[in-house]
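Q: So here's work14.pdb (PDB, N, CA and C atoms, pLDDT in the B column).
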```pdb
ATOM      1  N   MET V  30     -11.940  -5.817  -3.944  1.00 45.00           N
ATOM      2  CA  MET V  30     -10.565  -5.469  -3.684  1.00 45.00           C
ATOM      3  C   MET V  30      -9.793  -5.444  -4.993  1.00 45.00           C
ATOM      4  N   MET V  31      -8.808  -4.599  -5.065  1.00 46.00           N
ATOM      5  CA  MET V  31      -8.003  -4.403  -6.257  1.00 46.00           C
ATOM      6  C   MET V  31      -7.157  -5.651  -6.537  1.00 46.00           C
ATOM      7  N   GLU V  32      -7.142  -6.102  -7.782  1.00 54.00           N
ATOM      8  CA  GLU V  32      -6.315  -7.233  -8.179  1.00 54.00           C
ATOM      9  C   GLU V  32      -4.909  -6.743  -8.514  1.00 54.00           C
ATOM     10  N   ASN V  33      -3.905  -7.370  -7.942  1.00 56.00           N
ATOM     11  CA  ASN V  33      -2.510  -7.088  -8.234  1.00 56.00           C
ATOM     12  C   ASN V  33      -2.230  -5.584  -8.324  1.00 56.00           C
ATOM     13  N   PRO V  34      -2.400  -4.870  -7.224  1.00 66.00           N
ATOM     14  CA  PRO V  34      -2.217  -3.416  -7.258  1.00 66.00           C
ATOM     15  C   PRO V  34      -0.766  -3.031  -7.544  1.00 66.00           C
ATOM     16  N   GLN V  35      -0.590  -1.939  -8.248  1.00 76.00           N
ATOM     17  CA  GLN V  35       0.738  -1.388  -8.484  1.00 76.00           C
ATOM     18  C   GLN V  35       0.860  -0.179  -7.567  1.00 76.00           C
ATOM     19  N   PHE V  36       1.781  -0.267  -6.630  1.00 85.00           N
ATOM     20  CA  PHE V  36       1.867   0.773  -5.609  1.00 85.00           C
ATOM     21  C   PHE V  36       2.649   1.998  -6.042  1.00 85.00           C
ATOM     22  N   LEU V  37       3.473   1.876  -7.071  1.00 90.00           N
ATOM     23  CA  LEU V  37       4.180   3.025  -7.611  1.00 90.00           C
ATOM     24  C   LEU V  37       4.326   2.797  -9.110  1.00 90.00           C
ATOM     25  N   THR V  38       3.638   3.603  -9.882  1.00 92.00           N
ATOM     26  CA  THR V  38       3.684   3.441 -11.330  1.00 92.00           C
ATOM     27  C   THR V  38       5.019   3.967 -11.869  1.00 92.00           C
ATOM     28  N   PRO V  39       5.375   3.568 -13.080  1.00 92.00           N
ATOM     29  CA  PRO V  39       6.595   4.118 -13.689  1.00 92.00           C
ATOM     30  C   PRO V  39       6.558   5.652 -13.793  1.00 92.00           C
ATOM     31  N   ASP V  40       5.397   6.211 -14.117  1.00 95.00           N
ATOM     32  CA  ASP V  40       5.287   7.679 -14.201  1.00 95.00           C
ATOM     33  C   ASP V  40       5.516   8.341 -12.849  1.00 95.00           C
ATOM     34  N   GLU V  41       4.940   7.761 -11.811  1.00 94.00           N
ATOM     35  CA  GLU V  41       5.134   8.321 -10.464  1.00 94.00           C
ATOM     36  C   GLU V  41       6.604   8.222 -10.056  1.00 94.00           C
ATOM     37  N   SER V  42       7.212   7.087 -10.342  1.00 94.00           N
ATOM     38  CA  SER V  42       8.631   6.901 -10.021  1.00 94.00           C
ATOM     39  C   SER V  42       9.488   7.916 -10.771  1.00 94.00           C
ATOM     40  N   TYR V  43       9.171   8.123 -12.039  1.00 96.00           N
ATOM     41  CA  TYR V  43       9.897   9.107 -12.847  1.00 96.00           C
ATOM     42  C   TYR V  43       9.754  10.505 -12.237  1.00 96.00           C
ATOM     43  N   ASP V  44       8.519  10.870 -11.853  1.00 97.00           N
ATOM     44  CA  ASP V  44       8.287  12.189 -11.265  1.00 97.00           C
ATOM     45  C   ASP V  44       9.076  12.373  -9.967  1.00 97.00           C
ATOM     46  N   VAL V  45       9.138  11.316  -9.149  1.00 97.00           N
ATOM     47  CA  VAL V  45       9.924  11.392  -7.916  1.00 97.00           C
ATOM     48  C   VAL V  45      11.402  11.561  -8.269  1.00 97.00           C
ATOM     49  N   ASP V  46      11.884  10.770  -9.226  1.00 96.00           N
ATOM     50  CA  ASP V  46      13.289  10.877  -9.627  1.00 96.00           C
ATOM     51  C   ASP V  46      13.625  12.271 -10.138  1.00 96.00           C
ATOM     52  N   ALA V  47      12.689  12.890 -10.853  1.00 97.00           N
ATOM     53  CA  ALA V  47      12.924  14.208 -11.442  1.00 97.00           C
ATOM     54  C   ALA V  47      12.817  15.339 -10.415  1.00 97.00           C
ATOM     55  N   ALA V  48      12.219  15.069  -9.279  1.00 97.00           N
ATOM     56  CA  ALA V  48      12.024  16.103  -8.262  1.00 97.00           C
ATOM     57  C   ALA V  48      13.357  16.513  -7.643  1.00 97.00           C
ATOM     58  N   LEU V  49      13.421  17.752  -7.216  1.00 97.00           N
ATOM     59  CA  LEU V  49      14.631  18.272  -6.572  1.00 97.00           C
ATOM     60  C   LEU V  49      14.627  17.868  -5.101  1.00 97.00           C
ATOM     61  N   LEU V  50      14.866  16.580  -4.871  1.00 96.00           N
ATOM     62  CA  LEU V  50      14.844  16.014  -3.527  1.00 96.00           C
ATOM     63  C   LEU V  50      16.127  15.244  -3.272  1.00 96.00           C
ATOM     64  N   SER V  51      16.482  15.120  -2.001  1.00 97.00           N
ATOM     65  CA  SER V  51      17.620  14.276  -1.635  1.00 97.00           C
ATOM     66  C   SER V  51      17.212  12.813  -1.791  1.00 97.00           C
ATOM     67  N   SER V  52      18.172  11.922  -1.730  1.00 97.00           N
ATOM     68  CA  SER V  52      17.873  10.487  -1.835  1.00 97.00           C
ATOM     69  C   SER V  52      16.900  10.055  -0.748  1.00 97.00           C
ATOM     70  N   THR V  53      17.095  10.544   0.452  1.00 97.00           N
ATOM     71  CA  THR V  53      16.200  10.199   1.567  1.00 97.00           C
ATOM     72  C   THR V  53      14.797  10.726   1.312  1.00 97.00           C
ATOM     73  N   GLU V  54      14.697  11.942   0.825  1.00 97.00           N
ATOM     74  CA  GLU V  54      13.392  12.518   0.527  1.00 97.00           C
ATOM     75  C   GLU V  54      12.700  11.763  -0.604  1.00 97.00           C
ATOM     76  N   LYS V  55      13.442  11.329  -1.597  1.00 97.00           N
ATOM     77  CA  LYS V  55      12.865  10.539  -2.692  1.00 97.00           C
ATOM     78  C   LYS V  55      12.329   9.206  -2.166  1.00 97.00           C
ATOM     79  N   PHE V  56      13.101   8.568  -1.296  1.00 96.00           N
ATOM     80  CA  PHE V  56      12.638   7.322  -0.693  1.00 96.00           C
ATOM     81  C   PHE V  56      11.338   7.560   0.073  1.00 96.00           C
ATOM     82  N   LEU V  57      11.303   8.610   0.889  1.00 97.00           N
ATOM     83  CA  LEU V  57      10.098   8.904   1.677  1.00 97.00           C
ATOM     84  C   LEU V  57       8.920   9.282   0.779  1.00 97.00           C
ATOM     85  N   ALA V  58       9.179   9.979  -0.322  1.00 97.00           N
ATOM     86  CA  ALA V  58       8.103  10.321  -1.257  1.00 97.00           C
ATOM     87  C   ALA V  58       7.516   9.053  -1.871  1.00 97.00           C
ATOM     88  N   ARG V  59       8.386   8.124  -2.302  1.00 96.00           N
ATOM     89  CA  ARG V  59       7.905   6.847  -2.869  1.00 96.00           C
ATOM     90  C   ARG V  59       7.104   6.065  -1.833  1.00 96.00           C
ATOM     91  N   LEU V  60       7.620   6.016  -0.619  1.00 95.00           N
ATOM     92  CA  LEU V  60       6.941   5.303   0.462  1.00 95.00           C
ATOM     93  C   LEU V  60       5.572   5.921   0.753  1.00 95.00           C
ATOM     94  N   THR V  61       5.499   7.229   0.752  1.00 96.00           N
ATOM     95  CA  THR V  61       4.237   7.919   1.046  1.00 96.00           C
ATOM     96  C   THR V  61       3.212   7.707  -0.064  1.00 96.00           C
ATOM     97  N   ILE V  62       3.637   7.780  -1.310  1.00 96.00           N
ATOM     98  CA  ILE V  62       2.723   7.542  -2.434  1.00 96.00           C
ATOM     99  C   ILE V  62       2.191   6.114  -2.375  1.00 96.00           C
ATOM    100  N   SER V  63       3.087   5.159  -2.146  1.00 94.00           N
ATOM    101  CA  SER V  63       2.679   3.755  -2.045  1.00 94.00           C
ATOM    102  C   SER V  63       1.753   3.539  -0.854  1.00 94.00           C
ATOM    103  N   SER V  64       2.071   4.167   0.267  1.00 94.00           N
ATOM    104  CA  SER V  64       1.246   4.027   1.472  1.00 94.00           C
ATOM    105  C   SER V  64      -0.154   4.585   1.264  1.00 94.00           C
ATOM    106  N   GLN V  65      -0.254   5.700   0.559  1.00 95.00           N
ATOM    107  CA  GLN V  65      -1.564   6.285   0.272  1.00 95.00           C
ATOM    108  C   GLN V  65      -2.423   5.288  -0.499  1.00 95.00           C
ATOM    109  N   LYS V  66      -1.826   4.642  -1.492  1.00 94.00           N
ATOM    110  CA  LYS V  66      -2.576   3.662  -2.287  1.00 94.00           C
ATOM    111  C   LYS V  66      -2.985   2.472  -1.444  1.00 94.00           C
ATOM    112  N   LEU V  67      -2.077   2.004  -0.591  1.00 95.00           N
ATOM    113  CA  LEU V  67      -2.399   0.872   0.272  1.00 95.00           C
ATOM    114  C   LEU V  67      -3.492   1.241   1.269  1.00 95.00           C
ATOM    115  N   LEU V  68      -3.437   2.437   1.824  1.00 96.00           N
ATOM    116  CA  LEU V  68      -4.491   2.864   2.755  1.00 96.00           C
ATOM    117  C   LEU V  68      -5.855   2.925   2.069  1.00 96.00           C
ATOM    118  N   LYS V  69      -5.888   3.311   0.801  1.00 95.00           N
ATOM    119  CA  LYS V  69      -7.149   3.307   0.052  1.00 95.00           C
ATOM    120  C   LYS V  69      -7.690   1.888  -0.075  1.00 95.00           C
ATOM    121  N   ILE V  70      -6.792   0.927  -0.356  1.00 95.00           N
ATOM    122  CA  ILE V  70      -7.196  -0.478  -0.463  1.00 95.00           C
ATOM    123  C   ILE V  70      -7.731  -0.978   0.874  1.00 95.00           C
ATOM    124  N   ILE V  71      -7.018  -0.665   1.954  1.00 97.00           N
ATOM    125  CA  ILE V  71      -7.439  -1.107   3.287  1.00 97.00           C
ATOM    126  C   ILE V  71      -8.786  -0.494   3.647  1.00 97.00           C
ATOM    127  N   ALA V  72      -8.954   0.797   3.425  1.00 98.00           N
ATOM    128  CA  ALA V  72     -10.213   1.475   3.756  1.00 98.00           C
ATOM    129  C   ALA V  72     -11.379   0.858   2.986  1.00 98.00           C
ATOM    130  N   GLU V  73     -11.157   0.565   1.711  1.00 96.00           N
ATOM    131  CA  GLU V  73     -12.206  -0.058   0.898  1.00 96.00           C
ATOM    132  C   GLU V  73     -12.554  -1.440   1.452  1.00 96.00           C
ATOM    133  N   ASP V  74     -11.536  -2.207   1.801  1.00 96.00           N
ATOM    134  CA  ASP V  74     -11.751  -3.558   2.315  1.00 96.00           C
ATOM    135  C   ASP V  74     -12.476  -3.532   3.665  1.00 96.00           C
ATOM    136  N   VAL V  75     -12.103  -2.576   4.514  1.00 96.00           N
ATOM    137  CA  VAL V  75     -12.720  -2.458   5.842  1.00 96.00           C
ATOM    138  C   VAL V  75     -14.107  -1.826   5.745  1.00 96.00           C
ATOM    139  N   GLY V  76     -14.324  -1.029   4.703  1.00 97.00           N
ATOM    140  CA  GLY V  76     -15.628  -0.401   4.504  1.00 97.00           C
ATOM    141  C   GLY V  76     -15.796   0.922   5.220  1.00 97.00           C
ATOM    142  N   VAL V  77     -14.689   1.653   5.366  1.00 97.00           N
ATOM    143  CA  VAL V  77     -14.759   2.975   5.987  1.00 97.00           C
ATOM    144  C   VAL V  77     -14.000   3.976   5.117  1.00 97.00           C
ATOM    145  N   PRO V  78     -14.323   5.255   5.250  1.00 98.00           N
ATOM    146  CA  PRO V  78     -13.522   6.266   4.553  1.00 98.00           C
ATOM    147  C   PRO V  78     -12.086   6.219   5.075  1.00 98.00           C
ATOM    148  N   ILE V  79     -11.137   6.516   4.228  1.00 97.00           N
ATOM    149  CA  ILE V  79      -9.730   6.457   4.611  1.00 97.00           C
ATOM    150  C   ILE V  79      -9.448   7.315   5.855  1.00 97.00           C
ATOM    151  N   GLU V  80     -10.148   8.423   5.975  1.00 96.00           N
ATOM    152  CA  GLU V  80      -9.934   9.325   7.103  1.00 96.00           C
ATOM    153  C   GLU V  80     -10.359   8.706   8.436  1.00 96.00           C
ATOM    154  N   GLU V  81     -11.203   7.691   8.380  1.00 97.00           N
ATOM    155  CA  GLU V  81     -11.703   7.070   9.600  1.00 97.00           C
ATOM    156  C   GLU V  81     -10.960   5.791   9.978  1.00 97.00           C
ATOM    157  N   LEU V  82      -9.996   5.388   9.168  1.00 97.00           N
ATOM    158  CA  LEU V  82      -9.226   4.192   9.495  1.00 97.00           C
ATOM    159  C   LEU V  82      -8.506   4.379  10.817  1.00 97.00           C
ATOM    160  N   THR V  83      -8.546   3.358  11.642  1.00 97.00           N
ATOM    161  CA  THR V  83      -7.799   3.400  12.901  1.00 97.00           C
ATOM    162  C   THR V  83      -6.552   2.533  12.768  1.00 97.00           C
ATOM    163  N   HIS V  84      -5.625   2.743  13.665  1.00 97.00           N
ATOM    164  CA  HIS V  84      -4.415   1.919  13.619  1.00 97.00           C
ATOM    165  C   HIS V  84      -4.752   0.450  13.861  1.00 97.00           C
ATOM    166  N   LYS V  85      -5.774   0.181  14.667  1.00 98.00           N
ATOM    167  CA  LYS V  85      -6.162  -1.205  14.935  1.00 98.00           C
ATOM    168  C   LYS V  85      -6.740  -1.868  13.677  1.00 98.00           C
ATOM    169  N   GLN V  86      -7.501  -1.118  12.894  1.00 98.00           N
ATOM    170  CA  GLN V  86      -8.033  -1.656  11.637  1.00 98.00           C
ATOM    171  C   GLN V  86      -6.901  -1.945  10.654  1.00 98.00           C
ATOM    172  N   ILE V  87      -5.903  -1.084  10.618  1.00 97.00           N
ATOM    173  CA  ILE V  87      -4.765  -1.279   9.717  1.00 97.00           C
ATOM    174  C   ILE V  87      -3.980  -2.521  10.137  1.00 97.00           C
ATOM    175  N   ILE V  88      -3.729  -2.665  11.435  1.00 97.00           N
ATOM    176  CA  ILE V  88      -3.013  -3.842  11.937  1.00 97.00           C
ATOM    177  C   ILE V  88      -3.796  -5.106  11.628  1.00 97.00           C
ATOM    178  N   ALA V  89      -5.096  -5.082  11.874  1.00 97.00           N
ATOM    179  CA  ALA V  89      -5.941  -6.258  11.610  1.00 97.00           C
ATOM    180  C   ALA V  89      -5.915  -6.611  10.125  1.00 97.00           C
ATOM    181  N   TRP V  90      -5.912  -5.607   9.268  1.00 96.00           N
ATOM    182  CA  TRP V  90      -5.859  -5.866   7.830  1.00 96.00           C
ATOM    183  C   TRP V  90      -4.548  -6.551   7.457  1.00 96.00           C
ATOM    184  N   PHE V  91      -3.426  -6.072   8.004  1.00 96.00           N
ATOM    185  CA  PHE V  91      -2.134  -6.699   7.738  1.00 96.00           C
ATOM    186  C   PHE V  91      -2.115  -8.140   8.244  1.00 96.00           C
ATOM    187  N   GLU V  92      -2.720  -8.379   9.409  1.00 96.00           N
ATOM    188  CA  GLU V  92      -2.800  -9.747   9.934  1.00 96.00           C
ATOM    189  C   GLU V  92      -3.593 -10.634   8.974  1.00 96.00           C
ATOM    190  N   LYS V  93      -4.713 -10.109   8.496  1.00 96.00           N
ATOM    191  CA  LYS V  93      -5.557 -10.872   7.572  1.00 96.00           C
ATOM    192  C   LYS V  93      -4.822 -11.156   6.266  1.00 96.00           C
ATOM    193  N   ASP V  94      -4.158 -10.160   5.712  1.00 95.00           N
ATOM    194  CA  ASP V  94      -3.449 -10.356   4.451  1.00 95.00           C
ATOM    195  C   ASP V  94      -2.298 -11.350   4.646  1.00 95.00           C
ATOM    196  N   GLY V  95      -1.622 -11.285   5.780  1.00 93.00           N
ATOM    197  CA  GLY V  95      -0.555 -12.242   6.071  1.00 93.00           C
ATOM    198  C   GLY V  95      -1.080 -13.661   6.190  1.00 93.00           C
ATOM    199  N   LYS V  96      -2.252 -13.799   6.810  1.00 95.00           N
ATOM    200  CA  LYS V  96      -2.868 -15.122   6.943  1.00 95.00           C
ATOM    201  C   LYS V  96      -3.239 -15.681   5.567  1.00 95.00           C
ATOM    202  N   VAL V  97      -3.803 -14.833   4.714  1.00 94.00           N
ATOM    203  CA  VAL V  97      -4.144 -15.247   3.352  1.00 94.00           C
ATOM    204  C   VAL V  97      -2.881 -15.719   2.629  1.00 94.00           C
ATOM    205  N   ARG V  98      -1.791 -14.963   2.762  1.00 92.00           N
ATOM    206  CA  ARG V  98      -0.537 -15.308   2.096  1.00 92.00           C
ATOM    207  C   ARG V  98      -0.015 -16.662   2.587  1.00 92.00           C
ATOM    208  N   ARG V  99      -0.070 -16.890   3.899  1.00 92.00           N
ATOM    209  CA  ARG V  99       0.418 -18.148   4.459  1.00 92.00           C
ATOM    210  C   ARG V  99      -0.459 -19.328   4.069  1.00 92.00           C
ATOM    211  N   GLU V 100      -1.777 -19.133   4.078  1.00 93.00           N
ATOM    212  CA  GLU V 100      -2.707 -20.241   3.859  1.00 93.00           C
ATOM    213  C   GLU V 100      -3.041 -20.486   2.393  1.00 93.00           C
ATOM    214  N   GLN V 101      -3.067 -19.415   1.588  1.00 93.00           N
ATOM    215  CA  GLN V 101      -3.502 -19.562   0.195  1.00 93.00           C
ATOM    216  C   GLN V 101      -2.407 -19.259  -0.818  1.00 93.00           C
ATOM    217  N   GLY V 102      -1.295 -18.762  -0.342  1.00 88.00           N
ATOM    218  CA  GLY V 102      -0.178 -18.470  -1.238  1.00 88.00           C
ATOM    219  C   GLY V 102      -0.052 -17.002  -1.573  1.00 88.00           C
ATOM    220  N   LEU V 103       1.102 -16.671  -2.075  1.00 87.00           N
ATOM    221  CA  LEU V 103       1.446 -15.296  -2.386  1.00 87.00           C
ATOM    222  C   LEU V 103       0.464 -14.631  -3.345  1.00 87.00           C
ATOM    223  N   ASP V 104       0.013 -15.360  -4.348  1.00 87.00           N
ATOM    224  CA  ASP V 104      -0.873 -14.761  -5.351  1.00 87.00           C
ATOM    225  C   ASP V 104      -2.232 -14.367  -4.793  1.00 87.00           C
ATOM    226  N   ALA V 105      -2.652 -14.972  -3.682  1.00 90.00           N
ATOM    227  CA  ALA V 105      -3.956 -14.662  -3.097  1.00 90.00           C
ATOM    228  C   ALA V 105      -3.918 -13.421  -2.221  1.00 90.00           C
ATOM    229  N   ALA V 106      -2.738 -13.014  -1.795  1.00 91.00           N
ATOM    230  CA  ALA V 106      -2.595 -11.858  -0.906  1.00 91.00           C
ATOM    231  C   ALA V 106      -2.499 -10.568  -1.710  1.00 91.00           C
ATOM    232  N   VAL V 107      -2.786  -9.457  -1.045  1.00 91.00           N
ATOM    233  CA  VAL V 107      -2.635  -8.146  -1.686  1.00 91.00           C
ATOM    234  C   VAL V 107      -1.152  -7.795  -1.767  1.00 91.00           C
ATOM    235  N   LEU V 108      -0.462  -7.934  -0.644  1.00 89.00           N
ATOM    236  CA  LEU V 108       0.964  -7.609  -0.594  1.00 89.00           C
ATOM    237  C   LEU V 108       1.768  -8.811  -1.048  1.00 89.00           C
ATOM    238  N   LYS V 109       2.604  -8.629  -2.015  1.00 83.00           N
ATOM    239  CA  LYS V 109       3.364  -9.728  -2.634  1.00 83.00           C
ATOM    240  C   LYS V 109       4.789  -9.742  -2.114  1.00 83.00           C
ATOM    241  N   TRP V 110       4.975 -10.151  -0.870  1.00 77.00           N
ATOM    242  CA  TRP V 110       6.335 -10.292  -0.338  1.00 77.00           C
ATOM    243  C   TRP V 110       6.446 -11.493   0.520  1.00 77.00           C
TER     244      TRP V 110
END
```
Would you put the structure from the file into C-alpha coordinates?
A:
Amino acid sequence: MMENPQFLTPDESYDVDAALLSSTEKFLARLTISSQKLLKIIAEDVGVPIEELTHKQIIAWFEKDGKVRREQGLDAAVLKW
(Lines of atoms letter the chains of each structure in order from A and count residues from 1; the text may use other names and numbers.)
(Lines give C-alpha, C1' and ligand atoms only; values in the text may rest on other atoms or scores of the structure.)
Protein backbone atom coordinates (compact mmCIF):
# COMPACT_ATOMS: atom_id res chain seq x y z
CA MET A 1 0.00 0.00 0.00
CA MET A 2 1.12 3.53 -0.75
CA GLU A 3 2.76 5.40 2.15
CA ASN A 4 1.31 8.85 2.85
CA PRO A 5 -0.40 9.29 -0.53
CA GLN A 6 -0.83 12.76 -1.97
CA PHE A 7 -4.28 12.92 -3.48
CA LEU A 8 -3.80 16.18 -5.37
CA THR A 9 -0.34 17.35 -6.30
CA PRO A 10 0.53 21.05 -6.58
CA ASP A 11 0.81 20.65 -10.37
CA GLU A 12 -2.63 19.06 -10.61
CA SER A 13 -4.10 21.78 -8.40
CA TYR A 14 -2.47 24.44 -10.57
CA ASP A 15 -3.88 22.82 -13.74
CA VAL A 16 -7.37 22.77 -12.22
CA ASP A 17 -7.03 26.41 -11.16
CA ALA A 18 -5.90 27.37 -14.68
CA ALA A 19 -8.79 25.53 -16.35
CA LEU A 20 -11.74 27.51 -17.68
CA LEU A 21 -14.13 26.07 -15.10
CA SER A 22 -16.57 27.49 -12.58
CA SER A 23 -15.75 27.20 -8.88
CA THR A 24 -18.11 24.24 -8.59
CA GLU A 25 -16.54 22.53 -11.58
CA LYS A 26 -13.05 23.08 -10.15
CA PHE A 27 -14.14 21.54 -6.86
CA LEU A 28 -15.61 18.53 -8.69
CA ALA A 29 -12.47 18.19 -10.84
CA ARG A 30 -10.26 18.14 -7.70
CA LEU A 31 -12.59 15.64 -6.05
CA THR A 32 -12.58 13.39 -9.12
CA ILE A 33 -8.79 13.43 -9.48
CA SER A 34 -8.38 12.63 -5.78
CA SER A 35 -11.06 9.92 -5.97
CA GLN A 36 -9.33 8.26 -8.92
CA LYS A 37 -6.12 8.01 -6.90
CA LEU A 38 -7.95 6.66 -3.87
CA LEU A 39 -9.77 4.07 -5.98
CA LYS A 40 -6.39 2.89 -7.31
CA ILE A 41 -5.18 2.46 -3.72
CA ILE A 42 -8.34 0.58 -2.74
CA ALA A 43 -8.19 -1.69 -5.80
CA GLU A 44 -4.55 -2.53 -5.09
CA ASP A 45 -5.32 -3.26 -1.44
CA VAL A 46 -8.34 -5.43 -2.32
CA GLY A 47 -6.41 -7.15 -5.11
CA VAL A 48 -8.74 -6.45 -8.02
CA PRO A 49 -8.57 -4.23 -11.09
CA ILE A 50 -10.12 -0.83 -10.42
CA GLU A 51 -12.85 -1.60 -12.96
CA GLU A 52 -13.98 -4.58 -10.89
CA LEU A 53 -14.28 -2.77 -7.56
CA THR A 54 -17.75 -3.04 -6.09
CA HIS A 55 -19.41 -0.55 -3.82
CA LYS A 56 -19.32 -3.15 -1.04
CA GLN A 57 -15.54 -3.52 -1.39
CA ILE A 58 -15.14 0.26 -1.24
CA ILE A 59 -17.32 0.50 1.88
CA ALA A 60 -15.42 -2.37 3.53
CA TRP A 61 -12.12 -0.66 2.74
CA PHE A 62 -13.32 2.59 4.37
CA GLU A 63 -14.45 0.59 7.42
CA LYS A 64 -11.03 -1.07 7.62
CA ASP A 65 -9.13 2.20 7.24
CA GLY A 66 -11.34 3.82 9.90
CA LYS A 67 -10.68 0.93 12.27
CA VAL A 68 -6.92 1.27 11.70
CA ARG A 69 -7.17 5.01 12.42
CA ARG A 70 -9.12 4.43 15.65
CA GLU A 71 -6.96 1.55 16.91
CA GLN A 72 -3.48 2.48 15.66
CA GLY A 73 -3.69 6.22 15.18
CA LEU A 74 -3.90 8.66 12.35
CA ASP A 75 -0.43 7.90 10.97
CA ALA A 76 -1.29 4.22 10.44
CA ALA A 77 -4.34 4.96 8.28
CA VAL A 78 -4.34 5.84 4.59
CA LEU A 79 -6.82 8.69 5.00
CA LYS A 80 -5.49 11.36 7.36
CA TRP A 81 -8.60 12.97 8.83
Q: CA of Asp46 in chain V and CA of Ile71 in chain V, how far apart in Å?
A: 27.2 Å
Q: DSSP on the backbone, then: every residue of chain V marked helix (DSSP H, G or I), written as a VMD selection string.
A: chain V and resid 39 to 47 52 to 75 79 to 81 84 to 101 103 to 105
Q: Can you give me, as a list of chain:residue names, the residues this file yields under the PyMOL selection byres ((chain V and resi 86-94) around 8)?
A: V:Ile71, V:Ala72, V:Val75, V:Leu82, V:Thr83, V:His84, V:Lys85, V:Gly95, V:Lys96, V:Val97, V:Arg98, V:Arg99, V:Glu100, V:Ala105, V:Ala106, V:Val107, V:Leu108
Q: Would you output that residue set with N, CA and C atoms, as an mmCIF file, keeping the file's coordinate frame?
A:
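Contents of again-v4.cif, as written:
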```cif
data_model
loop_
_atom_site.group_PDB
_atom_site.id
_atom_site.type_symbol
_atom_site.label_atom_id
_atom_site.label_comp_id
_atom_site.auth_asym_id
_atom_site.auth_seq_id
_atom_site.Cartn_x
_atom_site.Cartn_y
_atom_site.Cartn_z
ATOM 1 N N ILE V 71 -7.018 -0.665 1.954
ATOM 2 C CA ILE V 71 -7.439 -1.107 3.287
ATOM 3 C C ILE V 71 -8.786 -0.494 3.647
ATOM 4 N N ALA V 72 -8.954 0.797 3.425
ATOM 5 C CA ALA V 72 -10.213 1.475 3.756
ATOM 6 C C ALA V 72 -11.379 0.858 2.986
ATOM 7 N N VAL V 75 -12.103 -2.576 4.514
ATOM 8 C CA VAL V 75 -12.720 -2.458 5.842
ATOM 9 C C VAL V 75 -14.107 -1.826 5.745
ATOM 10 N N LEU V 82 -9.996 5.388 9.168
ATOM 11 C CA LEU V 82 -9.226 4.192 9.495
ATOM 12 C C LEU V 82 -8.506 4.379 10.817
ATOM 13 N N THR V 83 -8.546 3.358 11.642
ATOM 14 C CA THR V 83 -7.799 3.400 12.901
ATOM 15 C C THR V 83 -6.552 2.533 12.768
ATOM 16 N N HIS V 84 -5.625 2.743 13.665
ATOM 17 C CA HIS V 84 -4.415 1.919 13.619
ATOM 18 C C HIS V 84 -4.752 0.450 13.861
ATOM 19 N N LYS V 85 -5.774 0.181 14.667
ATOM 20 C CA LYS V 85 -6.162 -1.205 14.935
ATOM 21 C C LYS V 85 -6.740 -1.868 13.677
ATOM 22 N N GLY V 95 -1.622 -11.285 5.780
ATOM 23 C CA GLY V 95 -0.555 -12.242 6.071
ATOM 24 C C GLY V 95 -1.080 -13.661 6.190
ATOM 25 N N LYS V 96 -2.252 -13.799 6.810
ATOM 26 C CA LYS V 96 -2.868 -15.122 6.943
ATOM 27 C C LYS V 96 -3.239 -15.681 5.567
ATOM 28 N N VAL V 97 -3.803 -14.833 4.714
ATOM 29 C CA VAL V 97 -4.144 -15.247 3.352
ATOM 30 C C VAL V 97 -2.881 -15.719 2.629
ATOM 31 N N ARG V 98 -1.791 -14.963 2.762
ATOM 32 C CA ARG V 98 -0.537 -15.308 2.096
ATOM 33 C C ARG V 98 -0.015 -16.662 2.587
ATOM 34 N N ARG V 99 -0.070 -16.890 3.899
ATOM 35 C CA ARG V 99 0.418 -18.148 4.459
ATOM 36 C C ARG V 99 -0.459 -19.328 4.069
ATOM 37 N N GLU V 100 -1.777 -19.133 4.078
ATOM 38 C CA GLU V 100 -2.707 -20.241 3.859
ATOM 39 C C GLU V 100 -3.041 -20.486 2.393
ATOM 40 N N ALA V 105 -2.652 -14.972 -3.682
ATOM 41 C CA ALA V 105 -3.956 -14.662 -3.097
ATOM 42 C C ALA V 105 -3.918 -13.421 -2.221
ATOM 43 N N ALA V 106 -2.738 -13.014 -1.795
ATOM 44 C CA ALA V 106 -2.595 -11.858 -0.906
ATOM 45 C C ALA V 106 -2.499 -10.568 -1.710
ATOM 46 N N VAL V 107 -2.786 -9.457 -1.045
ATOM 47 C CA VAL V 107 -2.635 -8.146 -1.686
ATOM 48 C C VAL V 107 -1.152 -7.795 -1.767
ATOM 49 N N LEU V 108 -0.462 -7.934 -0.644
ATOM 50 C CA LEU V 108 0.964 -7.609 -0.594
ATOM 51 C C LEU V 108 1.768 -8.811 -1.048
#
```
Q: For range 34-41 of chain V, work out the shell of residues within 7 Å, counting only N, CA and C atoms and skipping chain neighbours fewer than 5 positions away, then give it as a VMD selection string.
A: chain V and resid 46 62 to 64 66 to 67 107
Q: What does the structure give for the distance between atom N of Asp44 in chain V and CA of Leu57 in chain V, in Å to one decimal?
A: 13.8 Å
Q: Distance CA of Glu54 in chain V-CA of Ser42 in chain V, one decimal place?
A: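 Those two atoms sit 12.9 Å apart.
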Q: Extending 4 Å beyond the listed atoms of range 56-66 of chain V on each side, what axis-aligned box results? I want centre and edge lengths in Å to one decimal, as JSON.
A:
```
{"center_x": 5.1, "center_y": 6.4, "center_z": -0.6, "size_x": 24.1, "size_y": 15.8, "size_z": 12.5}
```
Q: Measuring between all atoms listed in the file, which one of V:Leu68, V:Ala58, V:Leu103, V:Ile79 shows the shortest distance to Val45 in chain V?
A: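 Of V:Leu68, V:Ala58, V:Leu103, V:Ile79, the one nearest Val45 in chain V, counting all atoms listed in the file, is V:Ala58.
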